[in-house]
Structures are given as C-alpha cells and as structure tokens.
Amino acid sequence: MRPHVSVLRLPRGPDPNGRGFDPNSPRFIALCPTTISASTETGTDSVQIREEQRARSVLRESFLRTLIAMTNKQVQFHMYERVKVEAKFGASDIDVLNFQVSELHTPIGVQKEALLRCQDVISYSFDL
Amino acid sequence: SSILYCLLARLSETKVSMAMRQTPLTCSGHTRPVVDLAFSGITPYGYFLISACKDGKPMLRQGDTGDWIGTFLGHKGAVWGATLNNEATKAATAAADFTAKVWDAVTGDEVLTLAHKHIVKSVNFTQDSSCLLTGGNDKIIRIYDLNKPEAEPQEITGHTSAIKKALWCNNDTQILSAADDKTVRLWDRNSTEVVKQLSFDMSVSSMEYIPDGEVLVITYGKTIAFYNALSLDMIKTVDAPASIHSASLHPDKDFFVAGGDDFKLYKFDYGTKEELESYKGHFGPVHCVRFSPDGELYASGSEDGTLRLWQTAVGKTYGLWKCVLPGEFSCLMPNN
C-alpha cells in the first residue's frame, strides 16, 4: 500500500463575510494606486498625505453615519434607466453591494421586502 | 540516511512518483459546477488562478497553494469563461447575463461591463492587456480596445454556431476560434478574414494555445489532438479511455493531462502517447484542466463544484505538498 503525499495544510477557502482582496496584502499595497491625486504625485510631503488621509476618513465616516441615520427612514432612490423608487431603508451589506429595504414602491407595485443592487443606484436622498 | 533519501528522491523523481500516491488539493467555495479556469503568468507575487463557475461568482486564488484571494461579484448569471492577464492585474469574465466584464484583479473591483446580445462564453487578453477578445452564443468574435471601451468593438463573423472559445495567437496578430459548428478557424486580426479552417465530425470540447512552440491542443470525443497553431497542420492525436472535456500540454512538452466524463484525470507522455497515470478524486465530470505556468502542478475544475490541484512530480516538495521521509510522521493526514 503506497503512502499518500503529505500536505502542510489544505488550501484556504473563501471568507463567508466578505469578498476578499485583502488590502493589507503585499501585492495590494504595492500595486493599488490611490484615487486621490495628492498621493500619486512624486515628492509629496507627508503633511499632504496626512491631510488627504484625514479627508478620506471624514468622508468615509460621514458615509457610514448616513447609512445609520437612514435606518427605518423613507428613502428615495434615483437609479439607472430613469427609475425612481422609494422604500424604507433597512441595512447595507458589508461591501455596500446591496441595500435591504421594505415597502419598496415601484412603478409596477409595492414589494414588501427587497434588495436593491447598489451598482444600479445613482443617488439617494432622505429627510433627516 | 534520511537526508540521503531525500537527495536521491530529488535526483530520481520518477522513482518517488511511483513510490507515492498523489494527494490532490481540493479548493472549495464554489456552489455549482466549475466550467473554466485560467492561470496568470509568473509575477513577482507568484502566479494566480481564476475559476469560472455556474454560481456566477468567479474566484481568484493563489496559483501554487489554491488559497482563496477574492471573489469577483457582479455577474447576474452563470460565468462560462474567465481569464487573467499575464501580470494578474486584470481579470475578464464571460457570462450568461449577456456581458463580459473586466476586473481589477488586485482590488476585485469591476472596471468595465461589455454588453453583448447573447451568452458570452470566452474572453482572452492580448499579451499587453490592451485588447480583449470575446466570443459566445451570438456567433460573433469581438475585439474590444480597453483603452477606448466606449468605442464599438471590431467584429469578426463567419461561425454558424455558438462560439466556445476564442484565443489570440501568433503574437496577437491572429485569432483562433472553436465553435459548435464543428470548426476551428484561424483569422487574421486586421483583415478579419479566415486564414485556415479545420472541420471535425463532432463539436470541439476545448482548445488550449501554447505560444511557446505555437502548439494548439484540441479535444473532441475521446481524442486529444495537437496542431501547429500557425499552419493548423496536425502534429498527432491521442485517444483516452473516456470522453474528454479538456486537456493541457506541459510547458516542457513532455506530458499532457486530460479529464472528462469519467471524473478522472489522465496523464500522458506527449512523446510516446503512452497513458502514464490516471487519478480519481473528482465526484463529477472534469470540465477544465490547465498546467500552471511553471509546470509544477495542474488544476482541474469539475461538475462537483471544486477545483483540484495535482502535482506533476508526485512527492516533490512544492506549494502545500511536502516530501516526507520514511519513518517521519507527516504534519497532516490527507483527506481530513
């Protein structure tokens, strides 16, 4: 009976909570260009980078706070193909790919529970 | 004496191969059949593997370990084809939602959606990643300039049935396509005219193009056929014990592997056409198989929803496989 080749471990499977592409991986850090121009200029001083990072943090935090503020509120969604719908906002998934909504008013009726695909949404508004 | 064994093992790998049983590494995560897979070239961060799955969620993995890196989310239907550019910075996918998509393979973000009029089956980058070739059920080959994505693609018509695979060849100056009309056609990119055509008695199940040496590997029925990619002259054909869905030629052109209906992976000597080994492991038909760019392993995708990685030289220390000396305890028992 021939022995089986040994393995150190099994291949790692997908993370059930996210889509991966770890931003802390060496490849990501080396290859991922930043989107704000200050960071891509050569000879940028560290003060500018810190300012930029502060701005990013503020914007990100504001966005996350809007998601919290929207919970259980009536939100109007402006979508592609000139679609405008209104619904009660429930929650977003972790990658902001889908919004969970209730009582979605659409041109063809009211959907009790629905998921809105974020990439189809152009903008949304709600009253604070 | 244990060091001596390992040295001897490395010197005579075939002896080790015969002494040990292959342990395939199973990559789980997909929930439906895996229908296509592709490796990138060798990059400073290793090489990578992308898998196309009927669950609509293509995945990127580290090529030598099978470790999951990320899932490309966005398609709304089964993904039939997937590819990476050489540097593994871009990915492209072809899907049943009538789109081909281009992705940033570092961040996982969708970069481009290219609308088609029917199911898209095949996607392929040029060497410099500037153009994307697509083919699918609308029978038209399209060339997209990725620097001008809003521009209308160049179209190549001629096939009379759904296109299974379309690949750049001859330094991206020509295109090879295989379709359900039982033909394989070679096209000139500039004139969009057919240069040469091969006709078969049955539909071609898969096609692989090897730029180094200009070899084309075609499978149909139980046959694995090798052609010169420039002239479409036949080099040789080999018959397998079962209907074959996909085959791949080793970079050194000493072996080729094939898999199909009987769930097994077959390894053949390319020179002598002799069947060397067959491996069980998958629980469903094998849909795709490809050698890694360094030839050290090959990956297979199956109806059972898994990818498996197989060693070319069984028993060699590589990736997650470890050469264990006799009398030593292994770190992990296989199949746990």
# chains A, B, ... in the order shown; residues from 1 in each chain; ligands from 1
>>> residues_around(residues="Ala87 in chain A", least_positions_apart="6", cutoff="9 Å", atoms="only C-alpha atoms", output="count of residues only")
11
>>> closest_atom_pairs(of="chain B", to="chain A", cutoff="8 Å", atoms="only C-alpha atoms", output="Markdown table")
| residue | atom | partner | partner_atom | distance |
| --- | --- | --- | --- | --- |
| B:Ala19 | CA | A:Arg2 | CA | 6.2 |
| B:Met20 | CA | A:Pro3 | CA | 5.4 |
| B:Arg21 | CA | A:His4 | CA | 4.5 |
| B:Gln22 | CA | A:Val5 | CA | 5.9 |
| B:Thr23 | CA | A:Val5 | CA | 5.5 |
| B:Leu25 | CA | A:Leu10 | CA | 6.6 |
| B:Thr26 | CA | A:Pro11 | CA | 7.0 |
| B:Cys27 | CA | A:Pro11 | CA | 6.0 |
| B:Ser28 | CA | A:Gly13 | CA | 6.1 |
| B:Gly29 | CA | A:Pro14 | CA | 5.9 |
| B:Tyr45 | CA | A:Arg27 | CA | 6.6 |
| B:Thr65 | CA | A:Pro11 | CA | 6.0 |
| B:Gly66 | CA | A:Pro11 | CA | 5.2 |
| B:Asp67 | CA | A:Arg12 | CA | 4.5 |
| B:Trp68 | CA | A:Gly13 | CA | 5.4 |
| B:Ile69 | CA | A:Phe21 | CA | 5.6 |
| B:Gly70 | CA | A:Gly20 | CA | 4.1 |
| B:Thr71 | CA | A:Arg19 | CA | 5.2 |
| B:Phe72 | CA | A:Arg19 | CA | 7.3 |
| B:Leu73 | CA | A:Arg19 | CA | 7.5 |
| B:Val106 | CA | A:Phe28 | CA | 5.8 |
| B:Thr107 | CA | A:Phe21 | CA | 5.5 |
| B:Gly108 | CA | A:Phe21 | CA | 6.1 |
| B:Val314 | CA | A:Val5 | CA | 7.3 |
| B:Gly315 | CA | A:Val5 | CA | 5.5 |
| B:Leu320 | CA | A:Leu8 | CA | 5.3 |
| B:Trp321 | CA | A:Val7 | CA | 4.5 |
| B:Lys322 | CA | A:Ser6 | CA | 5.5 |
| B:Cys323 | CA | A:Ser6 | CA | 6.9 |
| B:Val324 | CA | A:Ser6 | CA | 6.6 |
| B:Ser330 | CA | A:Ser6 | CA | 6.0 |
| B:Cys331 | CA | A:Leu8 | CA | 6.1 |
| B:Leu332 | CA | A:Val7 | CA | 6.1 |
| B:Met333 | CA | A:Ser6 | CA | 6.7 |
| B:Pro334 | CA | A:Ser6 | CA | 6.4 |
>>> select_by_dssp(residues="range 14-109 of chain A", states="alpha helix (DSSP H)", output="ChimeraX atom specification")
/A:26-31,37-40,46-70
>>> closest_residue(among="B:Ser205, B:Gln154, B:Ser177, B:Thr160", to="His245 in chain B", atoms="only C-alpha atoms")
B:Ser205
>>> residues_around(residues="Lys121 in chain B", least_positions_apart="4", cutoff="12 Å", atoms="only C-alpha atoms", output="VMD selection string")
chain B and resid 35 to 36 52 to 54 77 to 83 92 to 101 116 133 to 142 162 to 167 177 to 180 206
>>> closest_residue(among="B:Ile244, B:Gly74, B:Phe283, B:Pro58", to="Cys118 in chain A", atoms="only C-alpha atoms")
B:Gly74
>>> residues_around(residues="Asn98 in chain A", least_positions_apart="2", cutoff="8 Å", atoms="only C-alpha atoms", output="PDB file with N, CA and C atoms, in the first residue's frame")
ATOM      1  N   SER A  92     -27.360  47.977   4.934  1.00  0.00           N
ATOM      2  CA  SER A  92     -26.476  47.711   3.811  1.00  0.00           C
ATOM      3  C   SER A  92     -25.653  46.474   4.134  1.00  0.00           C
ATOM      4  N   ASP A  93     -25.203  45.756   3.128  1.00  0.00           N
ATOM      5  CA  ASP A  93     -24.264  44.658   3.418  1.00  0.00           C
ATOM      6  C   ASP A  93     -22.867  45.247   3.567  1.00  0.00           C
ATOM      7  N   VAL A  96     -21.208  47.129   0.721  1.00  0.00           N
ATOM      8  CA  VAL A  96     -22.116  48.100   0.083  1.00  0.00           C
ATOM      9  C   VAL A  96     -22.413  47.650  -1.349  1.00  0.00           C
ATOM     10  N   GLN A 100     -30.824  46.450   1.850  1.00  0.00           N
ATOM     11  CA  GLN A 100     -32.049  45.754   2.216  1.00  0.00           C
ATOM     12  C   GLN A 100     -33.116  46.799   2.519  1.00  0.00           C
ATOM     13  N   LEU A 115     -34.122  43.629  -2.109  1.00  0.00           N
ATOM     14  CA  LEU A 115     -32.713  44.027  -2.081  1.00  0.00           C
ATOM     15  C   LEU A 115     -32.483  44.935  -3.275  1.00  0.00           C
ATOM     16  N   LEU A 116     -31.876  46.074  -3.042  1.00  0.00           N
ATOM     17  CA  LEU A 116     -31.516  46.954  -4.142  1.00  0.00           C
ATOM     18  C   LEU A 116     -30.034  46.771  -4.426  1.00  0.00           C
ATOM     19  N   ARG A 117     -29.709  46.573  -5.688  1.00  0.00           N
ATOM     20  CA  ARG A 117     -28.324  46.409  -6.081  1.00  0.00           C
ATOM     21  C   ARG A 117     -27.672  47.778  -6.121  1.00  0.00           C
ATOM     22  N   CYS A 118     -26.657  47.984  -5.287  1.00  0.00           N
ATOM     23  CA  CYS A 118     -26.070  49.329  -5.166  1.00  0.00           C
ATOM     24  C   CYS A 118     -25.481  49.855  -6.464  1.00  0.00           C
TER      25      CYS A 118
END
>>> residues_around(residues="Pro293 in chain B", least_positions_apart="2", cutoff="9 Å", atoms="only C-alpha atoms", output="PyMOL selection string")
chain B and resi 39-42+47+250-251+291+295-297
>>> atom_distance(atom1="CA of Ala115 in chain B", atom2="CA of Gly158 in chain B")
20.5 Å
>>> atom_distance(atom1="CA of Trp187 in chain B", atom2="CA of Ile235 in chain B")
20.2 Å
>>> select_by_dssp(residues="range 107-311 of chain B", states="strand (DSSP E or B)", output="number ranges by chain")
B: 110-115, 120-125, 131-136, 141-145, 154-156, 163-169, 174-179, 183-188, 194-199, 206-210, 215-220, 223-228, 234-239, 244-249, 255-260, 265-269, 275-279, 286-291, 297-302, 307-311
>>> closest_residue(among="B:Phe263, B:Phe268, B:Tyr227, B:Tyr318", to="Gly301 in chain B", atoms="only C-alpha atoms")
B:Phe263
>>> residues_around(residues="Ile218 in chain B", least_positions_apart="5", cutoff="10 Å", atoms="only C-alpha atoms", output="list in words")
Ala178, Val184, Val204, Ser205, Ser206, Met207, Glu208, Tyr209, Thr223, Ile224, Ala225, Phe226, Tyr227, Thr237, His245, Ser246, Ala247 and Ser248 of chain B
>>> closest_residue(among="B:Ser130, B:Glu277, B:Ile143, B:Gly221", to="Ala313 in chain B", atoms="only C-alpha atoms")
B:Glu277
>>> atom_distance(atom1="CA of Lys280 in chain B", atom2="CA of Gln311 in chain B")
13.5 Å
>>> closest_residue(among="B:Asp212, B:Val195, B:Val111, B:Thr317", to="Ser231 in chain B", atoms="only C-alpha atoms")
B:Val195
>>> decode(residues="range 105-120 of chain A", atoms="N, CA, C and O atoms", output="PDB file, in the first residue's frame")
ATOM      1  N   HIS A 105     -41.710  50.950  -3.165  1.00  0.00           N
ATOM      2  CA  HIS A 105     -42.712  51.430  -4.132  1.00  0.00           C
ATOM      3  C   HIS A 105     -42.079  51.507  -5.504  1.00  0.00           C
ATOM      4  O   HIS A 105     -41.151  52.275  -5.726  1.00  0.00           O
ATOM      5  N   THR A 106     -42.566  50.640  -6.411  1.00  0.00           N
ATOM      6  CA  THR A 106     -42.021  50.642  -7.756  1.00  0.00           C
ATOM      7  C   THR A 106     -43.149  50.998  -8.725  1.00  0.00           C
ATOM      8  O   THR A 106     -44.323  50.932  -8.355  1.00  0.00           O
ATOM      9  N   PRO A 107     -42.804  51.332  -9.973  1.00  0.00           N
ATOM     10  CA  PRO A 107     -43.853  51.644 -10.955  1.00  0.00           C
ATOM     11  C   PRO A 107     -44.822  50.480 -11.183  1.00  0.00           C
ATOM     12  O   PRO A 107     -45.909  50.676 -11.704  1.00  0.00           O
ATOM     13  N   ILE A 108     -44.429  49.263 -10.823  1.00  0.00           N
ATOM     14  CA  ILE A 108     -45.335  48.129 -11.042  1.00  0.00           C
ATOM     15  C   ILE A 108     -45.872  47.557  -9.747  1.00  0.00           C
ATOM     16  O   ILE A 108     -46.393  46.452  -9.716  1.00  0.00           O
ATOM     17  N   GLY A 109     -45.762  48.285  -8.668  1.00  0.00           N
ATOM     18  CA  GLY A 109     -46.356  47.811  -7.420  1.00  0.00           C
ATOM     19  C   GLY A 109     -45.447  47.958  -6.231  1.00  0.00           C
ATOM     20  O   GLY A 109     -44.328  48.450  -6.339  1.00  0.00           O
ATOM     21  N   VAL A 110     -45.945  47.530  -5.093  1.00  0.00           N
ATOM     22  CA  VAL A 110     -45.187  47.660  -3.847  1.00  0.00           C
ATOM     23  C   VAL A 110     -44.628  46.292  -3.469  1.00  0.00           C
ATOM     24  O   VAL A 110     -45.369  45.309  -3.367  1.00  0.00           O
ATOM     25  N   GLN A 111     -43.306  46.230  -3.274  1.00  0.00           N
ATOM     26  CA  GLN A 111     -42.646  44.988  -2.868  1.00  0.00           C
ATOM     27  C   GLN A 111     -42.413  45.056  -1.375  1.00  0.00           C
ATOM     28  O   GLN A 111     -41.788  45.993  -0.879  1.00  0.00           O
ATOM     29  N   LYS A 112     -42.923  44.045  -0.659  1.00  0.00           N
ATOM     30  CA  LYS A 112     -42.829  44.078   0.798  1.00  0.00           C
ATOM     31  C   LYS A 112     -41.383  44.114   1.277  1.00  0.00           C
ATOM     32  O   LYS A 112     -41.018  44.901   2.125  1.00  0.00           O
ATOM     33  N   GLU A 113     -40.573  43.198   0.743  1.00  0.00           N
ATOM     34  CA  GLU A 113     -39.155  43.142   1.112  1.00  0.00           C
ATOM     35  C   GLU A 113     -38.346  43.031  -0.159  1.00  0.00           C
ATOM     36  O   GLU A 113     -38.733  42.296  -1.057  1.00  0.00           O
ATOM     37  N   ALA A 114     -37.237  43.747  -0.225  1.00  0.00           N
ATOM     38  CA  ALA A 114     -36.432  43.694  -1.446  1.00  0.00           C
ATOM     39  C   ALA A 114     -34.965  44.011  -1.162  1.00  0.00           C
ATOM     40  O   ALA A 114     -34.630  44.568  -0.104  1.00  0.00           O
ATOM     41  N   LEU A 115     -34.122  43.629  -2.109  1.00  0.00           N
ATOM     42  CA  LEU A 115     -32.713  44.027  -2.081  1.00  0.00           C
ATOM     43  C   LEU A 115     -32.483  44.935  -3.275  1.00  0.00           C
ATOM     44  O   LEU A 115     -32.878  44.592  -4.385  1.00  0.00           O
ATOM     45  N   LEU A 116     -31.876  46.074  -3.042  1.00  0.00           N
ATOM     46  CA  LEU A 116     -31.516  46.954  -4.142  1.00  0.00           C
ATOM     47  C   LEU A 116     -30.034  46.771  -4.426  1.00  0.00           C
ATOM     48  O   LEU A 116     -29.208  46.792  -3.509  1.00  0.00           O
ATOM     49  N   ARG A 117     -29.709  46.573  -5.688  1.00  0.00           N
ATOM     50  CA  ARG A 117     -28.324  46.409  -6.081  1.00  0.00           C
ATOM     51  C   ARG A 117     -27.672  47.778  -6.121  1.00  0.00           C
ATOM     52  O   ARG A 117     -28.070  48.634  -6.897  1.00  0.00           O
ATOM     53  N   CYS A 118     -26.657  47.984  -5.287  1.00  0.00           N
ATOM     54  CA  CYS A 118     -26.070  49.329  -5.166  1.00  0.00           C
ATOM     55  C   CYS A 118     -25.481  49.855  -6.464  1.00  0.00           C
ATOM     56  O   CYS A 118     -25.536  51.048  -6.739  1.00  0.00           O
ATOM     57  N   GLN A 119     -24.940  48.953  -7.275  1.00  0.00           N
ATOM     58  CA  GLN A 119     -24.339  49.449  -8.516  1.00  0.00           C
ATOM     59  C   GLN A 119     -25.390  50.003  -9.475  1.00  0.00           C
ATOM     60  O   GLN A 119     -25.059  50.696 -10.415  1.00  0.00           O
ATOM     61  N   ASP A 120     -26.661  49.700  -9.229  1.00  0.00           N
ATOM     62  CA  ASP A 120     -27.730  50.248 -10.057  1.00  0.00           C
ATOM     63  C   ASP A 120     -28.212  51.607  -9.541  1.00  0.00           C
ATOM     64  O   ASP A 120     -29.001  52.275 -10.205  1.00  0.00           O
TER      65      ASP A 120
END
